[in-house]
file my_file18.cif (mmCIF, C-alpha atoms)
data_start
#
loop_
_atom_site.label_atom_id
_atom_site.label_comp_id
_atom_site.auth_asym_id
_atom_site.auth_seq_id
_atom_site.Cartn_x
_atom_site.Cartn_y
_atom_site.Cartn_z
CA MET G 1 -5.72 -23.74 1.78
CA PRO G 2 -4.67 -20.90 4.14
CA LYS G 3 -4.17 -21.60 7.80
CA PRO G 4 -7.44 -21.06 9.73
CA VAL G 5 -7.39 -17.99 11.90
CA ASP G 6 -8.75 -17.83 15.41
CA SER G 7 -11.00 -15.15 16.79
CA LYS G 8 -8.45 -13.51 19.07
CA PRO G 9 -8.81 -9.76 18.61
CA LYS G 10 -5.76 -7.85 17.56
CA LYS G 11 -4.38 -4.93 19.50
CA LYS G 12 -5.19 -1.44 18.32
CA LYS G 13 -2.40 0.37 16.52
CA THR G 14 -1.82 3.81 15.11
CA SER G 15 -3.38 4.34 11.71
CA HIS G 16 -0.40 6.06 10.09
CA LEU G 17 3.30 5.35 10.05
CA LYS G 18 5.59 7.50 12.14
CA LEU G 19 7.42 9.72 9.68
CA VAL G 20 10.99 10.83 10.25
CA VAL G 21 12.11 14.17 8.84
CA SER G 22 15.39 14.25 6.96
CA ASN G 23 16.55 17.24 4.95
CA PRO G 24 19.78 16.44 3.06
CA PRO G 25 21.30 19.13 0.82
CA LEU G 26 20.02 19.18 -2.76
CA ASP G 27 22.50 18.83 -5.63
CA LYS G 28 19.93 19.07 -8.45
CA ASP G 29 16.25 19.61 -9.10
CA LEU G 30 14.23 16.66 -7.94
CA PHE G 31 12.16 14.69 -10.48
CA GLN G 32 14.01 16.51 -13.27
CA ALA G 33 14.52 13.22 -15.10
CA THR G 34 10.88 12.20 -14.79
CA ASN G 35 9.33 12.59 -18.22
CA SER G 36 6.34 10.36 -17.63
CA GLY G 37 2.97 12.04 -17.48
CA MET G 38 1.43 8.90 -16.00
CA GLY G 39 0.34 8.37 -12.44
CA PHE G 40 -0.91 5.20 -10.75
CA THR G 41 -2.22 2.35 -12.91
CA ALA G 42 -3.20 -1.21 -12.03
CA GLU G 43 -4.38 -4.29 -13.87
CA VAL G 44 -5.17 -7.87 -12.90
CA ARG G 45 -4.04 -10.74 -15.09
CA LYS G 46 -5.16 -14.34 -14.70
CA ARG G 47 -2.25 -16.74 -14.24
CA GLY G 48 -4.10 -19.97 -13.54
CA ARG G 49 -7.35 -21.52 -12.30
CA SER G 50 -7.15 -19.72 -8.96
CA HIS G 51 -4.07 -17.50 -9.40
CA TYR G 52 -4.02 -13.88 -10.52
CA ALA G 53 -1.36 -11.19 -10.69
CA LEU G 54 -2.02 -7.59 -9.71
CA ILE G 55 0.44 -5.39 -11.58
CA ALA G 56 0.61 -1.88 -10.11
CA ARG G 57 2.72 0.95 -11.48
CA ASP G 58 3.35 4.59 -10.70
CA PRO G 59 5.82 5.83 -13.34
CA PHE G 60 5.89 9.39 -12.02
CA HIS G 61 7.25 8.16 -8.69
CA HIS G 62 9.37 5.30 -10.11
CA LEU G 63 7.27 2.68 -8.33
CA GLY G 64 5.98 -0.69 -9.46
CA CYS G 65 5.26 -4.16 -8.13
CA GLN G 66 3.51 -7.43 -8.90
CA ILE G 67 1.38 -9.15 -6.26
CA ILE G 68 0.09 -12.69 -6.68
CA LEU G 69 -3.52 -13.18 -5.58
CA GLU G 70 -4.81 -16.69 -4.90
CA THR G 71 -8.48 -17.51 -4.38
CA HIS G 72 -9.55 -20.32 -2.04
CA ASN G 73 -13.04 -21.75 -2.48
CA ASN G 74 -15.60 -23.43 -0.26
CA GLU G 75 -16.35 -27.08 -0.81
CA ASP G 76 -19.22 -26.29 -3.18
CA GLU G 77 -16.81 -24.25 -5.34
CA LYS G 78 -19.52 -21.63 -5.88
CA ARG G 79 -18.18 -18.87 -3.67
CA SER G 80 -14.60 -17.84 -2.92
CA LYS G 81 -13.98 -18.04 0.78
CA SER G 82 -10.78 -16.02 0.87
CA VAL G 83 -7.97 -14.46 -1.11
CA THR G 84 -4.36 -14.68 -0.01
CA CYS G 85 -1.58 -12.42 -1.22
CA HIS G 86 2.10 -12.13 -0.36
CA PHE G 87 3.44 -8.59 -0.48
CA PRO G 88 7.00 -8.14 -1.74
CA ASP G 89 9.41 -5.86 0.08
CA MET G 90 9.12 -2.44 -1.51
CA VAL G 91 12.67 -1.08 -1.55
CA ALA G 92 12.12 1.87 -3.89
CA GLU G 93 15.69 2.99 -4.57
CA GLU G 94 14.78 5.15 -7.57
CA LEU G 95 12.09 6.95 -5.61
CA ASN G 96 14.46 7.44 -2.69
CA ALA G 97 17.09 8.94 -4.96
CA SER G 98 14.59 11.18 -6.77
CA VAL G 99 13.45 12.78 -3.48
CA GLY G 100 17.01 13.38 -2.32
CA GLU G 101 16.74 10.58 0.27
CA ASP G 102 14.27 12.68 2.22
CA GLU G 103 12.56 10.23 4.59
CA THR G 104 9.37 12.26 5.07
CA LEU G 105 8.63 12.66 1.36
CA TYR G 106 9.67 9.07 0.62
CA ALA G 107 7.29 7.72 3.28
CA LEU G 108 4.35 9.87 2.21
CA ILE G 109 4.63 8.78 -1.44
CA LEU G 110 5.16 5.11 -0.60
CA ILE G 111 2.17 5.02 1.76
CA GLN G 112 -0.02 6.57 -0.93
CA PHE G 113 1.10 3.81 -3.32
CA GLN G 114 0.30 1.12 -0.75
CA MET G 115 -3.16 2.59 -0.16
CA LYS G 116 -3.98 2.56 -3.87
CA ILE G 117 -2.84 -1.07 -4.09
CA LEU G 118 -5.15 -2.16 -1.28
CA THR G 119 -8.06 -0.42 -2.99
CA GLN G 120 -7.45 -2.48 -6.12
CA ILE G 121 -7.20 -5.70 -4.11
CA LEU G 122 -10.48 -4.97 -2.30
CA LEU G 123 -12.17 -4.34 -5.66
CA PHE G 124 -10.80 -7.68 -6.89
CA CYS G 125 -12.19 -9.39 -3.79
CA GLN G 126 -15.61 -7.81 -4.29
CA ASP G 127 -15.69 -8.92 -7.93
CA HIS G 128 -14.91 -12.52 -6.88
CA GLY G 129 -17.36 -12.73 -3.98
CA VAL G 130 -14.60 -13.08 -1.41
CA SER G 131 -15.36 -12.90 2.31
CA ASN G 132 -11.81 -12.51 3.71
CA LEU G 133 -8.53 -11.05 2.48
CA ILE G 134 -5.39 -12.54 4.04
CA ILE G 135 -2.19 -10.56 3.54
CA TYR G 136 1.34 -11.80 4.25
CA ALA G 137 4.25 -9.37 4.51
CA ASN G 138 7.84 -9.86 5.59
CA ASP G 139 8.61 -8.67 9.10
CA THR G 140 11.04 -6.04 7.80
CA PRO G 141 11.05 -2.23 7.71
CA GLU G 142 9.64 -2.45 4.16
CA GLY G 143 6.89 -4.82 5.28
CA HIS G 144 6.00 -2.49 8.13
CA ALA G 145 4.94 0.08 5.52
CA LEU G 146 1.67 -1.85 5.38
CA GLY G 147 0.84 -0.44 8.82
CA ILE G 148 -1.46 1.95 6.96
CA TYR G 149 -3.84 -1.04 6.59
CA ASP G 150 -4.23 -1.44 10.36
CA THR G 151 -7.54 0.40 10.43
CA LEU G 152 -9.16 -2.54 8.59
CA VAL G 153 -7.28 -5.48 10.13
CA VAL G 154 -9.35 -7.67 12.48
CA TYR G 155 -6.65 -10.26 13.17
CA GLU G 156 -2.85 -10.14 13.06
CA ASP G 157 -0.25 -12.80 13.73
CA LYS G 158 3.45 -13.53 13.27
CA ILE G 159 4.21 -16.57 11.11
CA PRO G 160 7.70 -18.13 11.34
CA THR G 161 9.29 -19.11 8.02
CA LEU G 162 12.62 -20.55 6.91
CA ARG G 163 13.78 -17.05 5.97
CA GLY G 164 12.49 -15.15 9.00
CA THR G 165 9.08 -14.00 10.12
CA LYS G 166 6.02 -12.92 8.18
CA THR G 167 3.15 -10.80 9.42
CA GLN G 168 -0.30 -12.18 8.66
CA MET G 169 -3.18 -9.70 8.44
CA VAL G 170 -6.84 -10.60 7.96
CA ILE G 171 -9.29 -8.07 6.51
CA PRO G 172 -13.01 -8.85 6.12
CA VAL G 173 -14.36 -8.00 2.67
CA THR G 174 -17.65 -6.22 3.21
CA GLN G 175 -19.29 -3.04 2.00
CA GLU G 176 -18.64 -1.59 5.45
CA THR G 177 -14.92 -2.34 5.07
CA PHE G 178 -14.78 -0.69 1.67
CA SER G 179 -16.64 2.41 2.87
CA LYS G 180 -14.40 2.65 5.92
CA TRP G 181 -11.32 2.37 3.71
CA MET G 182 -12.53 5.09 1.34
CA ASP G 183 -13.06 7.44 4.29
CA HIS G 184 -9.66 6.53 5.72
CA MET G 185 -7.92 7.15 2.40
CA HIS G 186 -9.65 10.50 1.99
CA GLN G 187 -8.58 11.65 5.46
CA ALA G 188 -5.02 10.36 5.01
CA ASN G 189 -4.77 12.11 1.65
CA GLN G 190 -5.87 15.39 3.21
CA ASP G 191 -3.42 14.98 6.09
CA PHE G 192 -0.54 14.17 3.75
CA ARG G 193 -1.26 17.11 1.46
CA GLN G 194 -1.42 19.44 4.44
CA ALA G 195 1.91 18.07 5.67
CA LEU G 196 3.51 18.81 2.30
CA TRP G 197 2.30 22.40 2.16
CA GLU G 198 3.23 23.07 5.79
CA ASP G 199 6.71 21.52 5.56
CA GLN G 200 7.73 23.06 2.24
CA ARG G 201 9.08 26.18 3.96
CA SER G 202 11.69 24.22 5.88
CA ASN G 203 12.12 21.24 3.56
CA PRO G 204 13.84 21.86 0.19
CA SER G 205 13.00 18.34 -1.02
CA ILE G 206 9.26 18.96 -0.58
CA ARG G 207 9.55 22.39 -2.26
CA ALA G 208 11.17 20.76 -5.28
CA TYR G 209 8.52 18.05 -5.37
CA LEU G 210 5.68 20.58 -5.30
CA LYS G 211 7.27 22.42 -8.22
CA SER G 212 7.27 19.18 -10.23
CA ASP G 213 3.59 18.48 -9.45
CA PRO G 214 2.03 21.74 -8.19
CA THR G 215 -1.55 20.44 -8.30
CA LEU G 216 -0.54 17.10 -6.70
CA LYS G 217 -2.43 15.20 -9.39
CA PHE G 218 0.06 12.32 -9.16
CA PHE G 219 0.23 12.29 -5.36
CA GLY G 220 -3.14 11.01 -4.25
#
call {"tool": "encode", "arguments": {"input": "my_file18.cif", "output": "structure tokens"}}
result
Amino acid sequence: MPKPVDSKPKKKKTSHLKLVVSNPPLDKDLFQATNSGMGFTAEVRKRGRSHYALIARDPFHHLGCQIILETHNNEDEKRSKSVTCHFPDMVAEELNASVGEDETLYALILIQFQMKILTQILLFCQDHGVSNLIIYANDTPEGHALGIYDTLVVYEDKIPTLRGTKTQMVIPVTQETFSKWMDHMHQANQDFRQALWEDQRSNPSIRAYLKSDPTLKFFG
């Protein structure tokens, strides 16, 4: 069973990650080797009585991960009380190389991927009658990419482990949460698209990316 959480409110944080602009010289066309016409896909596979695996992929951006979801039931076993999941560090070396190590473009694409993953997890929670989602992420630069979830988090804590520190985030699973997340995703998507079009003049990496996906159908 997950550790009970207290009612101490968490501090407000910024809703988006701070993006750092980096414009290295380009040696070749970006995404030239990407032949996949597939964008984001996700599926949930049952691994055990209370264990599931969310397998998320984004072939166009060279991204993929597997997240284990575990349901925890009330004593009457009729309703799932919570779902816990441990996020892996997302060190996307292929994506980083494909965007010419441009930090702005890398961050925008990775955040979009993380947002789509949370949407799938919330849908899983709704389907299983879950009341709380508890996320654990390593306290590393990769784990901090989940800062995009802050708008939904009602409690946050640091959990010491044998290998370092994990961040624990609690998100209530309600229709209000889901609606709020949809609005947040829509606004973030608009902001990110605007950033791409505005920065393309001064950023060769973004110009190359827009040529590879001019309608941004794989972006958001």
call {"tool": "atom_distance", "arguments": {"input": "my_file18.cif", "atom1": "CA of Lys166 (chain G)", "atom2": "CA of Ala137 (chain G)"}}
result
5.4 Å
call {"tool": "resolve_selection", "arguments": {"input": "my_file18.cif", "expression": "the PyMOL selection byres ((chain G and resi 121-133) around 7)", "output": "list in words"}}
result
Arg79, Ser80, Lys81, Ser82, Val83, Thr84, Ile117, Leu118, Thr119, Gln120, Ile134, Ile135, Val170, Ile171, Pro172 and Val173 of chain G
call {"tool": "atom_distance", "arguments": {"input": "my_file18.cif", "atom1": "CA of Arg207 (chain G)", "atom2": "CA of Leu110 (chain G)"}}
result
17.9 Å
call {"tool": "atom_distance", "arguments": {"input": "my_file18.cif", "atom1": "CA of Lys180 (chain G)", "atom2": "CA of Arg193 (chain G)"}}
result
20.0 Å
call {"tool": "resolve_selection", "arguments": {"input": "my_file18.cif", "expression": "the PyMOL selection byres ((chain G and resi 41-53) around 6)", "output": "list in words"}}
result
Phe40, Leu54, Ile55, Ala56, Arg57, Ile67, Ile68, Leu69, Glu70 and Thr71 of chain G
call {"tool": "closest_residue", "arguments": {"input": "my_file18.cif", "among": "G:Pro160, G:Thr167, G:Met90, G:Thr104", "to": "Ala195 (chain G)", "atoms": "only C-alpha atoms"}}
result
G:Thr104
call {"tool": "resolve_selection", "arguments": {"input": "my_file18.cif", "expression": "the PyMOL selection byres ((chain G and resi 108) around 12)", "output": "PDB file with C-alpha atoms, in the frame of the given file"}}
result
ATOM      1  CA  HIS G  16      -0.400   6.060  10.090  1.00  0.00           C
ATOM      2  CA  LEU G  17       3.300   5.350  10.050  1.00  0.00           C
ATOM      3  CA  LYS G  18       5.590   7.500  12.140  1.00  0.00           C
ATOM      4  CA  LEU G  19       7.420   9.720   9.680  1.00  0.00           C
ATOM      5  CA  VAL G  20      10.990  10.830  10.250  1.00  0.00           C
ATOM      6  CA  VAL G  21      12.110  14.170   8.840  1.00  0.00           C
ATOM      7  CA  HIS G  61       7.250   8.160  -8.690  1.00  0.00           C
ATOM      8  CA  LEU G  95      12.090   6.950  -5.610  1.00  0.00           C
ATOM      9  CA  ASN G  96      14.460   7.440  -2.690  1.00  0.00           C
ATOM     10  CA  VAL G  99      13.450  12.780  -3.480  1.00  0.00           C
ATOM     11  CA  ASP G 102      14.270  12.680   2.220  1.00  0.00           C
ATOM     12  CA  GLU G 103      12.560  10.230   4.590  1.00  0.00           C
ATOM     13  CA  THR G 104       9.370  12.260   5.070  1.00  0.00           C
ATOM     14  CA  LEU G 105       8.630  12.660   1.360  1.00  0.00           C
ATOM     15  CA  TYR G 106       9.670   9.070   0.620  1.00  0.00           C
ATOM     16  CA  ALA G 107       7.290   7.720   3.280  1.00  0.00           C
ATOM     17  CA  ILE G 109       4.630   8.780  -1.440  1.00  0.00           C
ATOM     18  CA  LEU G 110       5.160   5.110  -0.600  1.00  0.00           C
ATOM     19  CA  ILE G 111       2.170   5.020   1.760  1.00  0.00           C
ATOM     20  CA  GLN G 112      -0.020   6.570  -0.930  1.00  0.00           C
ATOM     21  CA  PHE G 113       1.100   3.810  -3.320  1.00  0.00           C
ATOM     22  CA  GLN G 114       0.300   1.120  -0.750  1.00  0.00           C
ATOM     23  CA  MET G 115      -3.160   2.590  -0.160  1.00  0.00           C
ATOM     24  CA  ALA G 145       4.940   0.080   5.520  1.00  0.00           C
ATOM     25  CA  ILE G 148      -1.460   1.950   6.960  1.00  0.00           C
ATOM     26  CA  ALA G 188      -5.020  10.360   5.010  1.00  0.00           C
ATOM     27  CA  ASN G 189      -4.770  12.110   1.650  1.00  0.00           C
ATOM     28  CA  GLN G 190      -5.870  15.390   3.210  1.00  0.00           C
ATOM     29  CA  ASP G 191      -3.420  14.980   6.090  1.00  0.00           C
ATOM     30  CA  PHE G 192      -0.540  14.170   3.750  1.00  0.00           C
ATOM     31  CA  ARG G 193      -1.260  17.110   1.460  1.00  0.00           C
ATOM     32  CA  GLN G 194      -1.420  19.440   4.440  1.00  0.00           C
ATOM     33  CA  ALA G 195       1.910  18.070   5.670  1.00  0.00           C
ATOM     34  CA  LEU G 196       3.510  18.810   2.300  1.00  0.00           C
ATOM     35  CA  ILE G 206       9.260  18.960  -0.580  1.00  0.00           C
ATOM     36  CA  TYR G 209       8.520  18.050  -5.370  1.00  0.00           C
ATOM     37  CA  PHE G 219       0.230  12.290  -5.360  1.00  0.00           C
ATOM     38  CA  GLY G 220      -3.140  11.010  -4.250  1.00  0.00           C
TER      39      GLY G 220
END
call {"tool": "closest_residue", "arguments": {"input": "my_file18.cif", "among": "G:His86, G:Ser98, G:Cys65, G:Asp157", "to": "Ser212 (chain G)", "atoms": "only C-alpha atoms"}}
result
G:Ser98
